[in-house]
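For reference, the structure is listed below as structure tokens.
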Amino acid sequence: MIFGKGLNPQEHPSWADRDYFILLRDHPEAGLQISRPRQGRVAKQYIIGFARRYNHPDGRFAGVISAPVALEYFQQLLDQFQLGPKGAIILRDQELGLIARSPQVESGPLAMVGNRVVSRELTELAASGVSESTYHTTRAADELERIASFRRIEGAPMLVVASMASEDFLAGWYADVYKTAAWIIGFALLSIGSGLFALQLQKQITRASLRNQLYLRHASDGVHILDTQGQVVEASDSFCSMLGYRRAEIIGMNVRQWDARWSARELLETVLPRSLAANSLKTFETRFRKKDGEVIEVEINSICFVMEGRRYIFSSARDIGERKRQQDALEAIALRLQQSEERYRLLLKNSPVGILHYDPNLRVTYANDRFEAIMQVPPGYMLGFDCHNLQSQLLLATLQQTLQGETTHYDGPYVTTYSQRELWISMAGAPLVNESGEILGGIAIFEDITEAKRIEVSERRQRESLIRLNEIAAASLLPLDEQLRQALDIGLKQLGLEFGIVSQVADGIYTIHTQVSPPETLHDGQCFPVAQTCCAITLDENRVVAISEMGKSPYQGHPCYQAFKLEAYIGAPLLVEGRIFGTVSFSSPRPYHRGFDEGDQEFVSLLARWISSDLERDLARRKIVNNEAYLRTIIENEPECVTVISQDGILLQMNRAGMAMIEVDSVEEVNALGLFNWISPEYRQAFKDLTQRVFEGESGILEFRVNGKRGTDRWLESHAAPLRDATGSIIAQLAVIRDVTQLKQHHAQLEYLAHYDPLTRLPNRTLLSDRMHQALAQAGRTGTYVIVGYLDLDGFKAINDSFGHQAGDELLIEMARRLNATVRQGDTVARLGGDEFVLLLVGIKDAAEWQAAAERVLQALAAPVLVQGQAQQISGSLGITLFPEDDTDPDTLLRHADQAMYHAKQAGKNRYQRFDQRLAQEKC
């Protein structure tokens with residue numbers, strides 16, 4: 001404040017926090033502002049502020065001019081009105097807070113500035129928005145019946161209420177009647193000589209009567225006075241207007257002519273007698289029929305009074321049609337809110353994800369059924385639980401961040417506090433705020449992703465096993481012991497165990513052929529009775545045997561458990577020349593941490609085949625190493641191709657194995673076409689380059705493809721080295737070439753299994769993830785949409801349970817075929833597991849295109865399908881999300897589509913649902 005009456009320059013009061021100052025500063029268009037009563041910082045008393053903005057010449061805000069008016073001024077204005085000993089006139093703000101009243105109340109709540117102690121009738125009228133009205137009310141303090149009128153003050157946020165006791169209000173009407181009777185009697189008694197005095201008296205009576213009639217006829221409510229038969233004696237203009245009659249028509253009418261609620265008999269025999277017998281103000285509702293036939297809802301306030309021994313009913317009618325409509329609308333809203341709350345409760349209760357609410361002190365206020373199932377706690381256990389007692393402090397920190405207004409996410413391991421269950425969870429958290437932005441607590445959504453993580457880890461191990469098997473294949477040129485030791489090393493790394501053994505079994509004795517183990521535990525050549533070893537189980541069952549915890553398995557009574565105390569064991573038999581040679585096994589004295597799965601068993605089975613083949617080759621080599629004709633027969637008897645090639649590419653020698661590979665009978669037949677021409681064109685230059693390096697003294701390896709004389713394609717692997725004479729000169733290239741076609745096919749099969757579902761031959765989660773990354777990048781370049789659809793089959797479980805798993809598998813294959821038939825080339829249909837599929841549609845230009853695709857998918861699935869000769873019907877629930885409108889990463893897109901799918905399923909199945917942020921919020 002810079003200038004003002006009574007301002008103390010030393011105080012420097014500030015208005016910066018005043019609502020009207022902020023409003024005028026920020027809104028140049030705002031006009032005069034009038035405040036509610038407040039304590040003045042300068043006047044030190046209750047005031048009402050009148051304020052207006054003023055500007056610099058260039059239009060910038062310069063400040064505010066305020067004129068504070070003391071409430072005492074308004075009190076003086078009201079004191080000028082006299083409304084009888086029991087009357088009152090009151091000034092209130094637009095929120096019904098008290099500003100001033102006359103007469104004043106000395107103490108108590110009614111005396112406090114700003115109090116909102118008002119009648120029900122005034123509250124309803126103020127809320128209805130009408131500008132003025134007259135009504136009946138009864139004050140609770142003295143049970144006194146009153147007639148009151150209120151009016152809003154134009155241009156100011158205030159209203160004024162004037163009230164009189166009903167007996168004071170009607171006193172003038174009574175007096176007029178008495179005076180009229182006295183005048184008539186006096187007129188009969190007085191002589192003509194006193195006529196002048198009577199005339200003056202009549203004028204006074206007429207003026208008083210006119211005054212009361214003006215008040216009556218211009219009342220805002222429909223005021224009317226009835227006699228004992230229900231005839232209208234007097235009526236206000238507003239009552240005439242309410243019914244649509246002229247005043248001349250309404251006087252003398254009977255209540256039966258406009259009341260539409262009761263019959264004439266009910267009115268005459270019940271309603272009117274009850275009103276005439278009442279000694280206090282009565283309020284009830286009825287219906288009036290207007291002159292034009294329209295029926296309106298009204299509220300009646302009536303009281304009976306006696307005049308000259310006759311009873312009359314003073315009534316005030318108010319049109320409450322709008323109030324009724326508002327009340328009906330509020331009841332409808334309340335019903336919808338109740339239904340919405342019930343739907344929300346059911347959604348929370350039946351949600352496929354766990355939902356947790358907690359207050360600002362991190363105490364749980366709600367946990368749904370799914371959350372209790374995930375955490376394996378009894379019903380109701382979580383209510384009131386203090387999250388500070390969680391075992392996972394990382395999860396606690398994530399929950400605490402939401403109370404700071406942050407949206408959080410956590411993916412990782414979790415050990416439940418109640419049941420000590422080890423899980424992988426995905427948690428999303430957000431603050432709960434009210435309309436003013438105040439944080440009331442937090443909400444967290446939990447998903448148990450343990451199974452998904454298990455599948456992910458299994459797929460990763462499959463890929464790792466493929467890489468490690470390739471490493472083993474690359475060791476085939478090393479000495480046998482080194483090859484076996486490398487193979488065992490790779491197996492131990494893959495499985496995470498301590499002991500790896502290749503054994504030989506003969507005559508009941510188990511001999512360690514090659515081992516990799518902790519120091520000072522085992523050594524090569526060590527022998528044991530075979531019956532006391534775990535390998536006896538493998539040899540007896542003649543298959544891969546995997547035991548995660550021996551002490552809790554059917555084999556706990558086997559002698560090997562007592563002899564060696566091994567808990568984890570996985571082993572496979574080794575066959576050499578069709579007979580049992582021994583076993584390859586991996587073990588540990590500790591239980592296996594995750595349990596062996598099919599991928600582990602497949603890895604050990606493939607490793608056993610490779611070791612068996614290596615032992616077989618070594619046995620063949622050792623058989624002929626002592627043969628005197630070794631040097632002469634090595635080429636012809638070598639099971640793999642051996643060639644000698646001159647520097648100009650002429651084949652000098654090739655054994656029978658090599659000729660069989662390219663389907664010829666002689667070396668001459670090879671040279672007739674030209675050695676390089678048997679090689680596929682894309683590898684010819686690489687083969688020539690290898691030959692050139694060999695004649696320069698190097699050795700090398702090359703993998704290439706050939707096409708035999710009869711059209712057979714083979715993959716060959718050549719190990720080439722220089723062939724020198726006695727002087728050391730290079731005279732030719734010596735190459736040992738083996739057929740790796742089956743290995744390549746097996747590699748391709750493993751690669752296929754790593755990326756495709758073996759049942760439906762659809763892409764699996766790994767290949768889907770790769771294609772999703774490519775699709776999102778392409779969409780960014782082309783400006784098109786990518787559609788991610790998460791599909792769950794409706795009714796599959798019932799068929800699978802009724803007809804068996806084989807029928808279920810056949811049904812999944814048929815559904816996969818239908819899905820592939822509905823999408824375009826370039827789109828992807830993937831299977832995640834069970835009866836869940838994912839559609840990846842690329843290059844989508846508009847909504848009509850993806851909607852049509854979704855309809856095709858649902859129609860294709862809904863077509864009848866034969867299961868064991870019986871027609872069955874299933875359908876699909878499809879959740880859809882659009883990139884880049886849902887601009888996020890592939891994992892989140894899948895999660896959003898999954899959420900939309902659950903909404904489609906809950907909405908009745910056999911439909912699709914697009915994801916949007918509303919669904920996310922509903923989940924939270």
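In the structure tokens, each chain is lettered A, B, ... as it comes, each chain's residues begin at 1, and ligands are numbered from 1 in order of appearance.
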Leaving out stretch 799-816 of chain A and any residue of its chain fewer than 4 positions from it, which residues lie within 10 Å of it when counting only C-alpha atoms, given as an MDAnalysis selection string? chainID A and resid 759:762 793 795 820:821 829:831 834:837 860:862 865:868 872:875
Would you list the contacts of stretch 899-906 of chain A as an MDAnalysis selection string, taking every protein, DNA or RNA residue within 10 Å and counting only C-alpha atoms, but skipping same-chain residues closer than 2 positions in sequence? chainID A and resid 347 350:353 789:794 876:881 893:897 908:916 919:920 923
As a check of understanding: the span from atom CA of A:Gln94 to atom CA of A:Val130 is 12.3 Å
Have a look at A:Pro890, A:Pro57, A:Pro103, A:Gly129 and name the one nearest to A:Asp770; count only C-alpha atoms. A:Pro890
Which residue of A:Gln229, A:Leu566, A:Lys290, A:Leu432 approaches A:Arg265 most closely, using only C-alpha atoms: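 Smallest distance to A:Arg265 is found for A:Gln229.
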For A:Ile47, find every residue with an atom within 7 Å (counting only C-alpha atoms), except residues of its own chain fewer than 4 positions away, and show them as JSON, numbers by chain. {"A": [37, 38, 39, 40, 68, 69, 70, 71]}
Atoms to include: all heavy atoms. Write the selected residues as a PDB file, in the first residue's frame.
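Final output, saved to result_18.pdb:
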ATOM      1  N   PRO A  37     -16.844  -9.759   3.613  1.00  0.00           N
ATOM      2  CA  PRO A  37     -16.368  -9.106   4.839  1.00  0.00           C
ATOM      3  C   PRO A  37     -15.050  -9.695   5.311  1.00  0.00           C
ATOM      4  O   PRO A  37     -14.857 -10.913   5.272  1.00  0.00           O
ATOM      5  CB  PRO A  37     -17.492  -9.386   5.850  1.00  0.00           C
ATOM      6  CG  PRO A  37     -18.708  -9.612   5.017  1.00  0.00           C
ATOM      7  CD  PRO A  37     -18.241 -10.277   3.771  1.00  0.00           C
ATOM      8  N   ARG A  38     -14.152  -8.841   5.732  1.00  0.00           N
ATOM      9  CA  ARG A  38     -12.837  -9.259   6.220  1.00  0.00           C
ATOM     10  C   ARG A  38     -12.300  -8.209   7.172  1.00  0.00           C
ATOM     11  O   ARG A  38     -12.777  -7.079   7.208  1.00  0.00           O
ATOM     12  CB  ARG A  38     -11.875  -9.444   5.046  1.00  0.00           C
ATOM     13  CG  ARG A  38     -11.754  -8.220   4.173  1.00  0.00           C
ATOM     14  CD  ARG A  38     -10.814  -8.460   2.997  1.00  0.00           C
ATOM     15  NE  ARG A  38     -10.852  -7.378   2.025  1.00  0.00           N
ATOM     16  CZ  ARG A  38     -10.247  -6.210   2.153  1.00  0.00           C
ATOM     17  NH1 ARG A  38      -9.548  -5.961   3.251  1.00  0.00           N
ATOM     18  NH2 ARG A  38     -10.321  -5.287   1.220  1.00  0.00           N
ATOM     19  N   GLN A  39     -11.301  -8.596   7.946  1.00  0.00           N
ATOM     20  CA  GLN A  39     -10.652  -7.660   8.857  1.00  0.00           C
ATOM     21  C   GLN A  39      -9.712  -6.760   8.058  1.00  0.00           C
ATOM     22  O   GLN A  39      -8.808  -7.226   7.376  1.00  0.00           O
ATOM     23  CB  GLN A  39      -9.834  -8.419   9.914  1.00  0.00           C
ATOM     24  CG  GLN A  39     -10.651  -8.968  11.068  1.00  0.00           C
ATOM     25  CD  GLN A  39     -11.055  -7.883  12.065  1.00  0.00           C
ATOM     26  OE1 GLN A  39     -10.560  -6.753  11.991  1.00  0.00           O
ATOM     27  NE2 GLN A  39     -11.970  -8.224  12.962  1.00  0.00           N
ATOM     28  N   GLY A  40      -9.936  -5.460   8.120  1.00  0.00           N
ATOM     29  CA  GLY A  40      -9.068  -4.537   7.400  1.00  0.00           C
ATOM     30  C   GLY A  40      -7.717  -4.412   8.065  1.00  0.00           C
ATOM     31  O   GLY A  40      -7.612  -4.324   9.289  1.00  0.00           O
ATOM     32  N   PRO A  68     -12.336   0.673   1.143  1.00  0.00           N
ATOM     33  CA  PRO A  68     -12.923  -0.201   2.166  1.00  0.00           C
ATOM     34  C   PRO A  68     -14.073   0.505   2.879  1.00  0.00           C
ATOM     35  O   PRO A  68     -13.929   1.648   3.329  1.00  0.00           O
ATOM     36  CB  PRO A  68     -11.757  -0.472   3.109  1.00  0.00           C
ATOM     37  CG  PRO A  68     -10.846   0.690   2.947  1.00  0.00           C
ATOM     38  CD  PRO A  68     -11.007   1.185   1.542  1.00  0.00           C
ATOM     39  N   VAL A  69     -15.206  -0.160   2.976  1.00  0.00           N
ATOM     40  CA  VAL A  69     -16.391   0.388   3.648  1.00  0.00           C
ATOM     41  C   VAL A  69     -16.664  -0.450   4.889  1.00  0.00           C
ATOM     42  O   VAL A  69     -16.817  -1.669   4.799  1.00  0.00           O
ATOM     43  CB  VAL A  69     -17.611   0.383   2.707  1.00  0.00           C
ATOM     44  CG1 VAL A  69     -18.836   0.930   3.440  1.00  0.00           C
ATOM     45  CG2 VAL A  69     -17.321   1.199   1.451  1.00  0.00           C
ATOM     46  N   ALA A  70     -16.738   0.212   6.027  1.00  0.00           N
ATOM     47  CA  ALA A  70     -16.961  -0.510   7.287  1.00  0.00           C
ATOM     48  C   ALA A  70     -18.364  -1.100   7.326  1.00  0.00           C
ATOM     49  O   ALA A  70     -19.317  -0.530   6.789  1.00  0.00           O
ATOM     50  CB  ALA A  70     -16.760   0.436   8.479  1.00  0.00           C
ATOM     51  N   LEU A  71     -18.493  -2.296   7.976  1.00  0.00           N
ATOM     52  CA  LEU A  71     -19.807  -2.915   8.093  1.00  0.00           C
ATOM     53  C   LEU A  71     -20.770  -2.039   8.900  1.00  0.00           C
ATOM     54  O   LEU A  71     -21.990  -2.162   8.761  1.00  0.00           O
ATOM     55  CB  LEU A  71     -19.684  -4.296   8.753  1.00  0.00           C
ATOM     56  CG  LEU A  71     -18.899  -5.367   7.995  1.00  0.00           C
ATOM     57  CD1 LEU A  71     -19.184  -6.739   8.587  1.00  0.00           C
ATOM     58  CD2 LEU A  71     -19.243  -5.372   6.525  1.00  0.00           C
TER      59      LEU A  71
END
Tell me, as a ChimeraX atom specification, which residues lie within 9 Å of A:Ser666, counting only C-alpha atoms; anything in the same chain fewer than 3 positions away does not count. /A:654,656,659,669-670
Write out the residues from the selection above, keeping C-alpha atoms, as a compact mmCIF listing (two decimals), in the first residue's frame.
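Contents of out.txt, freshly written:
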# COMPACT_ATOMS: atom_id res chain seq x y z
CA MET A 654 40.28 -87.58 -53.89
CA ARG A 656 35.84 -92.36 -52.04
CA MET A 659 33.58 -88.58 -54.60
CA GLU A 669 35.05 -86.80 -63.95
CA VAL A 670 35.69 -83.98 -61.48
Just want the 9 Å neighbourhood of A:Val604, counted on only C-alpha atoms, with same-chain residues fewer than 2 positions away dropped. Output as a list in words. Gly491, Val544, Ile570, Gly571, Ala572, Val584, Ser585, Gly599, Asp600, Gln601, Glu602, Leu606, Leu607, Ala608 and Arg609 of chain A
Residues just named, written with all heavy atoms as a short mmCIF file (atom, residue, chain, number, x, y, z; two decimals), in the first residue's frame:
data_model
loop_
_atom_site.label_atom_id
_atom_site.label_comp_id
_atom_site.auth_asym_id
_atom_site.auth_seq_id
_atom_site.Cartn_x
_atom_site.Cartn_y
_atom_site.Cartn_z
N GLY A 491 30.04 -77.13 -21.11
CA GLY A 491 28.84 -77.63 -20.45
C GLY A 491 28.69 -77.09 -19.04
O GLY A 491 27.59 -76.73 -18.62
N VAL A 544 18.46 -89.29 -21.16
CA VAL A 544 18.96 -88.17 -20.36
C VAL A 544 18.20 -88.15 -19.05
O VAL A 544 16.97 -88.13 -19.01
CB VAL A 544 18.77 -86.83 -21.10
CG1 VAL A 544 19.24 -85.67 -20.21
CG2 VAL A 544 19.54 -86.82 -22.41
N ILE A 570 22.78 -84.23 -13.98
CA ILE A 570 22.20 -84.40 -15.30
C ILE A 570 23.21 -85.14 -16.16
O ILE A 570 24.40 -84.78 -16.20
CB ILE A 570 21.80 -83.05 -15.94
CG1 ILE A 570 21.10 -83.30 -17.29
CG2 ILE A 570 22.97 -82.10 -16.09
CD1 ILE A 570 20.43 -82.05 -17.85
N GLY A 571 22.78 -86.23 -16.79
CA GLY A 571 23.70 -87.04 -17.56
C GLY A 571 23.01 -87.75 -18.70
O GLY A 571 21.78 -87.93 -18.69
N ALA A 572 23.82 -88.17 -19.70
CA ALA A 572 23.28 -88.87 -20.88
C ALA A 572 24.24 -90.00 -21.26
O ALA A 572 25.46 -89.90 -21.07
CB ALA A 572 23.12 -87.90 -22.04
N VAL A 584 28.23 -89.03 -20.22
CA VAL A 584 28.70 -87.67 -19.95
C VAL A 584 27.74 -87.09 -18.93
O VAL A 584 26.52 -87.22 -19.06
CB VAL A 584 28.74 -86.80 -21.23
CG1 VAL A 584 27.39 -86.75 -21.92
CG2 VAL A 584 29.22 -85.39 -20.90
N SER A 585 28.29 -86.51 -17.85
CA SER A 585 27.43 -86.04 -16.77
C SER A 585 27.98 -84.76 -16.16
O SER A 585 29.19 -84.49 -16.23
CB SER A 585 27.28 -87.12 -15.69
OG SER A 585 28.53 -87.37 -15.07
N GLY A 599 15.25 -77.41 -22.21
CA GLY A 599 16.43 -76.86 -22.91
C GLY A 599 17.71 -77.45 -22.38
O GLY A 599 18.64 -77.74 -23.16
N ASP A 600 17.81 -77.63 -21.05
CA ASP A 600 19.02 -78.23 -20.47
C ASP A 600 19.18 -79.67 -20.95
O ASP A 600 20.30 -80.10 -21.30
CB ASP A 600 18.92 -78.20 -18.94
CG ASP A 600 18.82 -76.77 -18.40
OD1 ASP A 600 19.48 -75.88 -18.96
OD2 ASP A 600 18.07 -76.57 -17.43
N GLN A 601 18.09 -80.43 -20.95
CA GLN A 601 18.17 -81.82 -21.37
C GLN A 601 18.53 -81.94 -22.85
O GLN A 601 19.31 -82.81 -23.25
CB GLN A 601 16.84 -82.51 -21.08
CG GLN A 601 16.49 -82.57 -19.60
CD GLN A 601 15.21 -83.30 -19.31
OE1 GLN A 601 14.99 -84.39 -19.84
NE2 GLN A 601 14.36 -82.72 -18.49
N GLU A 602 17.98 -81.04 -23.68
CA GLU A 602 18.32 -81.06 -25.10
C GLU A 602 19.79 -80.74 -25.32
O GLU A 602 20.47 -81.34 -26.15
CB GLU A 602 17.42 -80.06 -25.84
CG GLU A 602 17.68 -79.97 -27.34
CD GLU A 602 17.31 -81.24 -28.09
OE1 GLU A 602 16.58 -82.08 -27.52
OE2 GLU A 602 17.74 -81.38 -29.25
N LEU A 606 22.48 -83.30 -27.12
CA LEU A 606 23.29 -82.94 -28.29
C LEU A 606 24.78 -83.07 -27.98
O LEU A 606 25.57 -83.52 -28.82
CB LEU A 606 22.95 -81.52 -28.74
CG LEU A 606 21.56 -81.31 -29.33
CD1 LEU A 606 21.31 -79.83 -29.58
CD2 LEU A 606 21.40 -82.09 -30.63
N LEU A 607 25.16 -82.65 -26.77
CA LEU A 607 26.56 -82.76 -26.38
C LEU A 607 26.99 -84.23 -26.34
O LEU A 607 28.11 -84.58 -26.78
CB LEU A 607 26.76 -82.10 -25.01
CG LEU A 607 28.19 -82.08 -24.46
CD1 LEU A 607 29.10 -81.31 -25.40
CD2 LEU A 607 28.22 -81.48 -23.07
N ALA A 608 26.11 -85.11 -25.84
CA ALA A 608 26.44 -86.54 -25.79
C ALA A 608 26.62 -87.11 -27.19
O ALA A 608 27.53 -87.93 -27.43
CB ALA A 608 25.34 -87.30 -25.04
N ARG A 609 25.79 -86.68 -28.14
CA ARG A 609 25.94 -87.16 -29.51
C ARG A 609 27.27 -86.71 -30.11
O ARG A 609 27.94 -87.47 -30.80
CB ARG A 609 24.77 -86.67 -30.36
CG ARG A 609 23.59 -87.60 -30.35
CD ARG A 609 22.55 -87.17 -31.35
NE ARG A 609 21.56 -86.30 -30.72
CZ ARG A 609 20.61 -85.66 -31.37
NH1 ARG A 609 20.54 -85.78 -32.68
NH2 ARG A 609 19.75 -84.91 -30.73
#
Residues within 8 Å of A:Thr822, please, as a ChimeraX atom specification. Count only C-alpha atoms; anything in the same chain fewer than 3 positions from it doesn't count. /A:818-819,853,856-857,860
Just N, CA and C atoms for this one: save the residues we selected as a PDB file, in the first residue's frame.
ATOM      1  N   ARG A 818      -5.737 -69.664 -39.394  1.00  0.00           N
ATOM      2  CA  ARG A 818      -6.737 -68.632 -39.719  1.00  0.00           C
ATOM      3  C   ARG A 818      -6.169 -67.229 -39.521  1.00  0.00           C
ATOM      4  N   LEU A 819      -5.422 -67.051 -38.443  1.00  0.00           N
ATOM      5  CA  LEU A 819      -4.844 -65.723 -38.186  1.00  0.00           C
ATOM      6  C   LEU A 819      -3.879 -65.333 -39.296  1.00  0.00           C
ATOM      7  N   ALA A 853      -9.171 -54.714 -40.275  1.00  0.00           N
ATOM      8  CA  ALA A 853      -8.325 -55.868 -39.979  1.00  0.00           C
ATOM      9  C   ALA A 853      -8.778 -56.573 -38.707  1.00  0.00           C
ATOM     10  N   ARG A 856     -11.840 -58.611 -39.411  1.00  0.00           N
ATOM     11  CA  ARG A 856     -11.515 -59.842 -40.143  1.00  0.00           C
ATOM     12  C   ARG A 856     -10.997 -60.919 -39.187  1.00  0.00           C
ATOM     13  N   VAL A 857     -10.131 -60.518 -38.270  1.00  0.00           N
ATOM     14  CA  VAL A 857      -9.557 -61.466 -37.322  1.00  0.00           C
ATOM     15  C   VAL A 857     -10.659 -62.102 -36.479  1.00  0.00           C
ATOM     16  N   ALA A 860     -12.825 -64.473 -38.521  1.00  0.00           N
ATOM     17  CA  ALA A 860     -12.138 -65.720 -38.842  1.00  0.00           C
ATOM     18  C   ALA A 860     -12.125 -66.666 -37.641  1.00  0.00           C
TER      19      ALA A 860
END
For A:Arg289, which residue among A:Leu734, A:Val223, A:Met112, A:Ala260 is the nearest when counting only C-alpha atoms?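 Of the candidates, the smallest distance to A:Arg289 is held by A:Ala260.
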Backbone DSSP call of alpha helix (DSSP H) for stretch 195-393 of chain A, listed as an NGL selection string: :A and (195-217 or 237-243 or 247-250 or 264-266 or 272-277 or 321-350 or 369-375 or 393)
A:Ile611: which residues within 12 Å, counting only C-alpha atoms, same-chain residues fewer than 6 positions away excluded, as a PyMOL selection string? chain A and resi 469+472-473+475-476+480-488+491+501-503+513-514+572-576+581-585+604-605+617-618
Nearest residue to A:Val161 out of A:Ser587, A:Ser128, A:Ser119, A:Thr533, using only C-alpha atoms?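 Among the listed residues, the smallest separation from A:Val161 belongs to A:Ser119.
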So which bits of stretch 489-717 of chain A end up strand (DSSP E) when you DSSP the backbone, as number ranges by chain? A: 499-506, 509-516, 527-529, 545-547, 568-576, 579-588, 641-645, 651-654, 700-707, 713-717
